[in-house]
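Next up, protein_15.cif (mmCIF, C-alpha atoms and all ligand atoms):
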```
data_entry
loop_
_atom_site.label_atom_id
_atom_site.label_comp_id
_atom_site.auth_asym_id
_atom_site.auth_seq_id
_atom_site.Cartn_x
_atom_site.Cartn_y
_atom_site.Cartn_z
CA MET A 1 38.03 -60.38 54.03
CA ARG A 2 35.39 -57.63 53.77
CA THR A 3 33.04 -57.39 50.80
CA LEU A 4 30.89 -54.41 49.95
CA GLY A 5 27.62 -55.48 48.29
CA ILE A 6 25.51 -53.26 46.04
CA GLU A 7 21.95 -53.98 44.85
CA THR A 8 20.21 -51.71 42.31
CA SER A 9 18.32 -54.13 40.03
CA CYS A 10 14.86 -52.63 40.53
CA ASP A 11 13.37 -50.13 42.99
CA ASP A 12 15.54 -50.68 46.07
CA THR A 13 18.99 -49.21 46.60
CA GLY A 14 20.72 -51.69 48.92
CA VAL A 15 24.24 -51.82 50.35
CA ALA A 16 25.91 -54.13 52.88
CA ILE A 17 29.28 -55.23 54.19
CA TYR A 18 30.02 -58.91 54.76
CA ASP A 19 33.06 -60.03 56.72
CA SER A 20 34.45 -63.58 56.38
CA GLU A 21 34.96 -63.92 60.14
CA ALA A 22 32.25 -61.75 61.70
CA GLY A 23 29.53 -62.34 59.06
CA LEU A 24 27.21 -59.50 58.08
CA LEU A 25 28.50 -56.26 59.61
CA GLY A 26 25.58 -54.12 58.49
CA HIS A 27 23.22 -53.29 55.66
CA LYS A 28 21.19 -50.31 54.50
CA LEU A 29 18.27 -49.98 52.15
CA PHE A 30 16.53 -47.11 50.51
CA SER A 31 13.16 -48.11 49.05
CA GLN A 32 11.77 -46.09 46.14
CA ILE A 33 8.24 -47.41 46.72
CA ALA A 34 6.77 -44.01 47.67
CA MET A 35 8.10 -42.48 44.45
CA HIS A 36 6.69 -45.22 42.19
CA ALA A 37 3.38 -45.61 44.08
CA ASP A 38 1.83 -42.65 42.22
CA TYR A 39 2.32 -44.55 38.94
CA GLY A 40 1.04 -47.91 40.24
CA GLY A 41 4.33 -49.65 39.39
CA VAL A 42 8.06 -49.14 38.91
CA VAL A 43 9.04 -46.47 36.34
CA PRO A 44 12.47 -47.63 35.09
CA GLU A 45 13.92 -44.20 34.25
CA LEU A 46 12.93 -42.77 37.64
CA ALA A 47 14.42 -45.85 39.32
CA SER A 48 17.81 -45.35 37.60
CA ARG A 49 17.94 -41.65 38.48
CA ASP A 50 17.14 -42.33 42.10
CA HIS A 51 19.82 -45.03 42.40
CA ILE A 52 22.31 -42.41 41.15
CA ARG A 53 21.18 -40.01 43.89
CA LYS A 54 21.13 -42.54 46.74
CA LEU A 55 23.88 -45.08 46.13
CA LEU A 56 27.06 -43.16 47.02
CA PRO A 57 25.57 -41.56 50.18
CA LEU A 58 24.38 -45.03 51.29
CA ILE A 59 27.84 -46.50 50.70
CA LYS A 60 29.41 -43.71 52.77
CA GLU A 61 26.91 -44.40 55.57
CA ILE A 62 27.48 -48.15 55.65
CA LEU A 63 31.26 -47.66 55.73
CA ARG A 64 30.92 -45.23 58.63
CA GLU A 65 28.36 -47.25 60.58
CA THR A 66 30.35 -50.47 60.36
CA GLY A 67 33.64 -48.73 61.14
CA THR A 68 35.08 -49.78 57.80
CA PRO A 69 37.55 -47.37 56.18
CA PRO A 70 37.69 -47.80 52.38
CA ASN A 71 41.11 -49.45 52.62
CA ALA A 72 39.54 -52.24 54.74
CA ILE A 73 37.30 -53.29 51.80
CA ASP A 74 38.79 -56.32 50.04
CA GLY A 75 36.24 -56.76 47.26
CA ILE A 76 33.05 -55.35 45.76
CA ALA A 77 29.96 -57.23 44.59
CA TYR A 78 27.21 -55.62 42.53
CA THR A 79 24.07 -57.05 40.94
CA THR A 80 24.60 -57.45 37.16
CA GLY A 81 21.20 -58.92 36.36
CA PRO A 82 18.50 -59.86 35.79
CA GLY A 83 16.59 -56.60 36.28
CA LEU A 84 16.08 -53.14 34.80
CA ALA A 85 19.06 -52.38 32.53
CA GLY A 86 19.46 -48.72 33.52
CA ALA A 87 19.09 -49.45 37.22
CA LEU A 88 21.60 -52.30 37.03
CA LEU A 89 24.11 -50.10 35.22
CA VAL A 90 24.14 -47.61 38.10
CA GLY A 91 25.24 -50.25 40.63
CA ALA A 92 27.65 -51.88 38.17
CA ALA A 93 29.28 -48.56 37.17
CA ILE A 94 29.71 -47.33 40.73
CA GLY A 95 30.78 -50.72 42.08
CA ARG A 96 33.27 -51.25 39.28
CA SER A 97 34.65 -47.69 39.60
CA LEU A 98 35.14 -47.94 43.36
CA ALA A 99 36.90 -51.28 42.91
CA PHE A 100 39.22 -49.66 40.36
CA ALA A 101 39.92 -46.69 42.63
CA TRP A 102 40.48 -48.88 45.70
CA GLN A 103 42.38 -51.50 43.68
CA VAL A 104 40.31 -54.46 44.84
CA PRO A 105 38.55 -57.17 42.82
CA ALA A 106 34.91 -56.75 41.78
CA VAL A 107 32.35 -59.37 40.85
CA GLY A 108 28.95 -59.16 39.18
CA VAL A 109 26.25 -61.12 41.02
CA HIS A 110 23.11 -62.84 39.69
CA HIS A 111 20.17 -61.29 41.54
CA MET A 112 18.29 -64.60 41.86
CA GLU A 113 21.38 -66.38 43.19
CA GLY A 114 21.47 -63.63 45.82
CA HIS A 115 17.86 -64.40 46.80
CA LEU A 116 18.58 -68.16 46.87
CA LEU A 117 21.55 -67.70 49.21
CA ALA A 118 19.83 -65.17 51.50
CA PRO A 119 18.91 -67.90 54.06
CA MET A 120 22.67 -68.38 54.56
CA LEU A 121 22.72 -65.04 56.41
CA GLU A 122 20.57 -66.47 59.22
CA PRO A 123 21.63 -68.49 62.28
CA ASN A 124 21.60 -72.26 61.52
CA PRO A 125 21.75 -71.90 57.72
CA PRO A 126 20.69 -74.89 55.58
CA ALA A 127 23.30 -77.37 54.36
CA PHE A 128 23.41 -78.26 50.64
CA PRO A 129 21.59 -79.85 48.87
CA PHE A 130 18.08 -78.40 49.25
CA LEU A 131 14.92 -77.48 47.38
CA ALA A 132 14.35 -73.76 46.80
CA LEU A 133 11.11 -71.90 46.20
CA LEU A 134 11.93 -68.47 44.80
CA VAL A 135 8.88 -66.23 44.69
CA SER A 136 9.55 -62.60 43.82
CA GLY A 137 8.03 -59.82 41.76
CA GLY A 138 9.89 -60.95 38.65
CA HIS A 139 10.31 -64.71 39.12
CA THR A 140 8.57 -67.78 40.45
CA LEU A 141 10.52 -71.01 40.38
CA LEU A 142 11.32 -74.25 42.15
CA ALA A 143 14.97 -75.25 41.93
CA ASP A 144 17.17 -78.13 42.99
CA ILE A 145 20.19 -76.57 44.69
CA GLY A 146 23.18 -78.93 44.78
CA GLY A 147 25.76 -76.35 45.90
CA ILE A 148 27.07 -72.93 44.89
CA GLY A 149 26.43 -72.52 41.15
CA ASP A 150 24.70 -75.90 40.91
CA TYR A 151 21.12 -74.86 40.20
CA ARG A 152 18.57 -76.95 38.31
CA ILE A 153 15.17 -75.41 37.65
CA LEU A 154 12.39 -77.94 38.28
CA GLY A 155 9.48 -75.66 37.49
CA GLU A 156 8.67 -72.01 36.89
CA SER A 157 5.82 -69.71 36.06
CA VAL A 158 4.61 -69.91 32.48
CA ASP A 159 3.19 -66.38 32.76
CA ASP A 160 3.08 -63.90 35.67
CA ALA A 161 5.39 -64.25 38.66
CA ALA A 162 3.67 -64.76 42.04
CA GLY A 163 4.58 -61.27 43.27
CA GLU A 164 3.44 -59.77 39.98
CA ALA A 165 0.07 -61.51 40.42
CA PHE A 166 -0.27 -60.03 43.93
CA ASP A 167 0.64 -56.59 42.52
CA LYS A 168 -1.86 -56.82 39.64
CA ALA A 169 -4.69 -58.17 41.83
CA ALA A 170 -4.08 -55.34 44.33
CA LYS A 171 -4.22 -52.80 41.52
CA LEU A 172 -7.56 -54.22 40.31
CA LEU A 173 -8.90 -53.89 43.85
CA GLY A 174 -7.57 -50.35 44.27
CA LEU A 175 -5.25 -51.47 47.07
CA GLY A 176 -2.10 -49.69 45.95
CA PHE A 177 1.50 -50.73 45.34
CA PRO A 178 3.30 -52.97 46.18
CA GLY A 179 0.39 -55.36 46.12
CA GLY A 180 1.69 -58.27 48.22
CA PRO A 181 1.60 -56.59 51.62
CA ALA A 182 -1.58 -54.66 50.62
CA ILE A 183 -3.46 -57.87 49.72
CA ALA A 184 -2.23 -59.56 52.90
CA ARG A 185 -3.47 -56.63 55.02
CA ALA A 186 -6.89 -56.46 53.31
CA ALA A 187 -7.29 -60.26 53.55
CA GLU A 188 -7.09 -60.08 57.35
CA GLN A 189 -10.63 -58.66 57.36
CA GLY A 190 -11.84 -61.05 54.63
CA LYS A 191 -14.59 -63.65 55.06
CA PRO A 192 -13.24 -67.09 54.11
CA ALA A 193 -16.40 -68.64 52.66
CA ARG A 194 -17.56 -65.88 50.31
CA PHE A 195 -15.43 -66.52 47.19
CA THR A 196 -13.44 -69.54 46.06
CA PHE A 197 -10.72 -69.02 43.47
CA PRO A 198 -9.14 -71.82 41.37
CA ARG A 199 -5.73 -73.38 42.15
CA PRO A 200 -4.13 -73.09 38.69
CA MET A 201 -2.25 -76.07 37.24
CA THR A 202 -2.50 -78.17 40.39
CA ASP A 203 -4.81 -80.77 38.84
CA ARG A 204 -2.17 -81.98 36.38
CA PRO A 205 1.35 -83.31 36.91
CA GLY A 206 4.41 -81.06 36.71
CA LEU A 207 5.98 -78.28 38.72
CA ASN A 208 5.24 -75.24 36.57
CA PHE A 209 3.04 -72.42 37.82
CA SER A 210 0.53 -70.13 36.15
CA PHE A 211 -0.88 -67.05 37.85
CA SER A 212 -2.52 -65.08 35.05
CA GLY A 213 -5.79 -67.02 35.46
CA LEU A 214 -5.99 -65.90 39.10
CA LYS A 215 -5.60 -62.32 37.92
CA THR A 216 -8.49 -62.74 35.43
CA PHE A 217 -10.61 -64.40 38.13
CA THR A 218 -9.94 -61.40 40.37
CA LEU A 219 -10.89 -59.02 37.57
CA VAL A 220 -14.16 -60.82 36.76
CA THR A 221 -15.12 -61.12 40.43
CA ALA A 222 -14.36 -57.43 40.99
CA GLN A 223 -16.42 -56.43 37.93
CA ASN A 224 -19.42 -58.44 39.12
CA HIS A 225 -19.60 -56.89 42.59
CA THR A 226 -19.82 -53.49 44.21
CA LEU A 227 -16.36 -52.93 45.61
CA ASP A 228 -17.15 -51.88 49.18
CA ALA A 229 -14.39 -52.40 51.76
CA GLN A 230 -15.74 -55.80 52.90
CA THR A 231 -15.98 -57.13 49.33
CA VAL A 232 -12.41 -55.97 48.58
CA SER A 233 -11.22 -57.81 51.71
CA ASP A 234 -13.19 -60.93 50.76
CA ILE A 235 -11.68 -60.98 47.24
CA ALA A 236 -8.19 -60.30 48.66
CA TYR A 237 -8.72 -63.24 51.04
CA ALA A 238 -9.78 -65.59 48.23
CA PHE A 239 -6.90 -64.49 46.01
CA GLN A 240 -4.24 -64.93 48.70
CA ASP A 241 -5.76 -68.25 49.77
CA ALA A 242 -5.56 -69.61 46.20
CA ALA A 243 -2.09 -68.20 45.41
CA VAL A 244 -0.60 -69.55 48.65
CA ASP A 245 -2.30 -72.93 48.29
CA THR A 246 -0.95 -73.29 44.75
CA LEU A 247 2.61 -72.59 45.94
CA VAL A 248 2.29 -75.04 48.83
CA ILE A 249 0.87 -77.83 46.60
CA LYS A 250 3.78 -77.46 44.15
CA CYS A 251 6.36 -77.40 46.96
CA ARG A 252 4.91 -80.59 48.43
CA ARG A 253 5.05 -82.24 45.02
CA ALA A 254 8.66 -81.12 44.42
CA LEU A 255 9.73 -82.39 47.86
CA GLN A 256 8.12 -85.77 47.15
CA GLN A 257 9.73 -85.98 43.71
CA THR A 258 13.25 -85.00 44.79
CA GLY A 259 13.30 -86.52 48.28
CA HIS A 260 14.84 -83.32 49.68
CA LYS A 261 14.46 -82.85 53.42
CA ARG A 262 15.34 -79.14 53.39
CA LEU A 263 13.33 -76.39 51.73
CA ILE A 264 14.34 -72.74 51.50
CA VAL A 265 11.89 -69.97 50.61
CA ALA A 266 13.23 -66.76 49.12
CA GLY A 267 12.03 -63.61 47.36
CA GLY A 268 9.51 -60.93 48.31
CA VAL A 269 6.44 -63.21 48.45
CA GLY A 270 8.41 -65.31 50.95
CA ALA A 271 7.61 -62.55 53.46
CA ASN A 272 3.91 -63.51 53.25
CA ARG A 273 2.71 -64.74 56.63
CA LEU A 274 0.02 -67.11 55.34
CA LEU A 275 2.53 -68.74 52.97
CA ARG A 276 4.93 -69.26 55.88
CA GLU A 277 2.21 -70.73 58.09
CA ARG A 278 0.94 -73.17 55.47
CA LEU A 279 4.42 -74.19 54.33
CA SER A 280 5.34 -74.94 57.94
CA VAL A 281 2.32 -77.22 58.34
CA MET A 282 3.06 -79.03 55.07
CA ALA A 283 6.79 -79.35 55.87
CA HIS A 284 6.00 -80.78 59.30
CA GLU A 285 3.79 -83.45 57.67
CA GLN A 286 6.58 -84.28 55.20
CA ASN A 287 9.29 -84.29 57.87
CA VAL A 288 11.04 -81.44 56.10
CA THR A 289 12.80 -78.39 57.62
CA VAL A 290 11.96 -75.01 56.09
CA TYR A 291 14.47 -72.14 56.11
CA TYR A 292 13.48 -68.53 55.56
CA PRO A 293 15.50 -65.38 55.36
CA ARG A 294 14.23 -62.73 57.81
CA PRO A 295 11.44 -60.78 56.02
CA GLU A 296 13.71 -57.81 55.18
CA PHE A 297 16.06 -60.21 53.37
CA CYS A 298 13.18 -61.83 51.45
CA THR A 299 12.67 -58.61 49.51
CA ASP A 300 15.55 -57.00 47.64
CA ASN A 301 18.54 -56.03 49.77
CA GLY A 302 22.28 -55.47 49.63
CA ALA A 303 23.12 -58.16 52.21
CA MET A 304 22.34 -61.09 49.91
CA ILE A 305 24.51 -59.53 47.19
CA ALA A 306 27.42 -58.90 49.60
CA TYR A 307 27.20 -62.53 50.80
CA THR A 308 26.93 -64.05 47.31
CA GLY A 309 29.75 -61.86 45.96
CA HIS A 310 31.88 -62.76 48.97
CA VAL A 311 31.43 -66.50 48.22
CA HIS A 312 32.52 -65.98 44.59
CA LEU A 313 35.43 -63.69 45.44
CA GLN A 314 36.69 -66.19 48.01
CA ALA A 315 36.63 -68.86 45.32
CA GLY A 316 38.85 -66.60 43.22
CA GLN A 317 36.14 -65.43 40.81
CA HIS A 318 36.11 -61.82 39.74
CA ASP A 319 35.34 -59.75 36.67
CA GLY A 320 37.60 -57.62 34.48
CA LEU A 321 37.37 -53.88 34.02
CA MET A 322 34.50 -54.20 31.54
CA PHE A 323 31.11 -54.23 33.19
CA ASN A 324 27.73 -55.06 31.81
CA ALA A 325 24.06 -55.22 32.73
CA ARG A 326 22.27 -58.45 31.88
CA ALA A 327 18.58 -57.55 31.94
CA ARG A 328 17.80 -61.19 31.13
CA TRP A 329 20.03 -63.87 32.62
CA GLY A 330 19.07 -67.50 33.28
CA LEU A 331 19.94 -68.99 36.64
CA GLU A 332 21.13 -72.21 35.02
CA GLU A 333 23.81 -70.29 33.09
CA LEU A 334 25.78 -70.03 36.35
CA THR A 335 28.50 -72.60 36.87
CA LYS A 336 29.80 -74.58 39.83
CA HIS A 337 32.94 -73.47 41.63
O1 LIG B 1 12.09 -60.04 45.75
P1 LIG B 1 11.42 -58.73 45.57
O2 LIG B 1 11.68 -57.63 46.58
O3 LIG B 1 11.77 -58.09 44.18
C1 LIG B 1 11.99 -58.81 43.01
O4 LIG B 1 13.13 -59.27 42.81
O5 LIG B 1 11.00 -58.96 42.28
O6 LIG B 1 9.85 -59.04 45.50
C2 LIG B 1 8.89 -58.04 45.38
C3 LIG B 1 7.54 -58.70 45.29
C4 LIG B 1 6.41 -57.73 44.97
O7 LIG B 1 5.65 -58.26 43.92
C5 LIG B 1 5.61 -57.66 46.26
O8 LIG B 1 4.23 -57.43 46.06
C6 LIG B 1 5.86 -59.06 46.84
O9 LIG B 1 7.20 -59.34 46.54
N1 LIG B 1 5.66 -59.09 48.29
C7 LIG B 1 4.70 -59.83 48.89
C8 LIG B 1 4.79 -59.55 50.28
N2 LIG B 1 5.81 -58.65 50.47
C9 LIG B 1 6.32 -58.40 49.24
N3 LIG B 1 3.78 -60.67 48.39
C10 LIG B 1 2.94 -61.27 49.24
N4 LIG B 1 2.94 -61.04 50.58
C11 LIG B 1 3.83 -60.21 51.14
N5 LIG B 1 3.83 -60.00 52.47
ZN ZN B 2 14.48 -59.57 43.97
#
```
Please express what this file holds, its structure, as structure tokens.
Amino acid sequence: MRTLGIETSCDDTGVAIYDSEAGLLGHKLFSQIAMHADYGGVVPELASRDHIRKLLPLIKEILRETGTPPNAIDGIAYTTGPGLAGALLVGAAIGRSLAFAWQVPAVGVHHMEGHLLAPMLEPNPPAFPFLALLVSGGHTLLADIGGIGDYRILGESVDDAAGEAFDKAAKLLGLGFPGGPAIARAAEQGKPARFTFPRPMTDRPGLNFSFSGLKTFTLVTAQNHTLDAQTVSDIAYAFQDAAVDTLVIKCRRALQQTGHKRLIVAGGVGANRLLRERLSVMAHEQNVTVYYPRPEFCTDNGAMIAYTGHVHLQAGQHDGLMFNARARWGLEELTKH
């Protein structure tokens, strides 16, 4: 069975084809980052228009490159939410229409479920159950994953998502968009001892996160100093150090509370090298195995949607001719197979 996956929830147009026997046959991504960079963030209307321009040509390319004629596609998966409503509607409308034309089933996929299952695309994927840290531009959460559709949120951000905090801190420092990779790059030249930022909400029990204080700390520090290149790097270092430490402390706590011996890390911030290094050290101490998607599958992509849709279609789940965009959609609303 071959599933075409379509991702258009934000500023990446992603497509992929997943085959039940051969696994992932191929994927393609068009990133809109250059277009949004001038505005310092994603402009929803521009995002939707660009998905319209790029999606069909990308689908044609992935079919050609994987040697898949349209009549070899057995199902279509598209992201239905959460995300930008207009952007989601592009993927849903095209996915649903192609499924109608090709007379195959179509299924709407939860974007965060896609991120959570992305490690399944790698060699030696984790077995259920496991603990998941999902750290993206829109969400930061720790979840207990019992199996497909069995997701229990243990903690989440009470304000900004981790990626959002990186993006805002980078903007304050004039480092450009997206902020995560920009902060990480600047931090490489940073002096460790110059600034120390707080580790929010780590001094009290619980698994929730808060990142808005780190943003304010960055703002105040930036306002009180001349922002020469070294100072920007030093602040970037202190910010990344504190954000990463906070995530690692909460992961350790969640592992101790749940007793899980497997941890998966997903979402764009999961591509951060310092986070990976420190999580590996912590996991080793706790006798836990950490699983990561390859960096290009940490950020948004069509492969995770093709895989997740494939799992649902194989279980007999599919949607009717009506399609929808669910800009807000809780992970715990999903149900077990
Ligand atoms: O998962 P994703 O592609 O999109 C959402 O679903 O939100 O995550 C994008 C986020 C952005 O905030 C970006 O700054 C952050 O992931 N990010 C990083 C890194 N690469 C991307 N944050 C920290 N370090 C990185 N290397
Ligand atoms: Zn995402």
Go through A:Val232, A:Leu46, A:Val311, A:Met304 one by one, measure the shortest atom-to-atom distance of each to ligand ZN 2 (chain B) using all atoms listed in the file, and give the residue with the smallest value.
->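 The closest residue to ligand ZN 2 (chain B) is A:Met304.
With distances restricted to all atoms listed in the file, A:Thr299 is the closest residue to ligand ZN 2 (chain B) from A:Asn272, A:Thr8, A:Thr299, A:Ser157.
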Can you check which parts of chain A lie within 10 Å of ligand ZN 2 (chain B)? Per residue, the shortest pair of atoms and distance in Å to one decimal, counting all atoms listed in the file, sorted by chain and number, as a Markdown table.
```
| residue | atom | partner | partner_atom | distance |
| --- | --- | --- | --- | --- |
| A:Glu7 | CA | B:ZN2 | ZN | 9.4 |
| A:Thr8 | CA | B:ZN2 | ZN | 9.9 |
| A:Ser9 | CA | B:ZN2 | ZN | 7.7 |
| A:Cys10 | CA | B:ZN2 | ZN | 7.8 |
| A:Asp11 | CA | B:ZN2 | ZN | 9.6 |
| A:Asp12 | CA | B:ZN2 | ZN | 9.2 |
| A:Pro82 | CA | B:ZN2 | ZN | 9.1 |
| A:Gly83 | CA | B:ZN2 | ZN | 8.5 |
| A:His111 | CA | B:ZN2 | ZN | 6.4 |
| A:Met112 | CA | B:ZN2 | ZN | 6.7 |
| A:Glu113 | CA | B:ZN2 | ZN | 9.7 |
| A:Gly114 | CA | B:ZN2 | ZN | 8.3 |
| A:His115 | CA | B:ZN2 | ZN | 6.5 |
| A:Leu116 | CA | B:ZN2 | ZN | 10.0 |
| A:Leu134 | CA | B:ZN2 | ZN | 9.3 |
| A:Val135 | CA | B:ZN2 | ZN | 8.7 |
| A:Ser136 | CA | B:ZN2 | ZN | 5.8 |
| A:Gly137 | CA | B:ZN2 | ZN | 6.8 |
| A:Gly138 | CA | B:ZN2 | ZN | 7.2 |
| A:His139 | CA | B:ZN2 | ZN | 8.2 |
| A:Ala266 | CA | B:ZN2 | ZN | 8.9 |
| A:Gly267 | CA | B:ZN2 | ZN | 5.8 |
| A:Gly268 | CA | B:ZN2 | ZN | 6.7 |
| A:Val269 | CA | B:ZN2 | ZN | 9.9 |
| A:Phe297 | CA | B:ZN2 | ZN | 9.6 |
| A:Cys298 | CA | B:ZN2 | ZN | 7.9 |
| A:Thr299 | CA | B:ZN2 | ZN | 5.9 |
| A:Asp300 | CA | B:ZN2 | ZN | 4.6 |
| A:Asn301 | CA | B:ZN2 | ZN | 7.9 |
| A:Met304 | CA | B:ZN2 | ZN | 10.0 |
```
What's the 12 Å shell around Phe195 in chain A, counting all atoms listed in the file, without same-chain residues fewer than 4 positions away, as number ranges by chain?
-> A: 190-191, 217-218, 220-222, 225, 231-242
CA of Pro200 in chain A to CA of Thr140 in chain A measures 13.9 Å
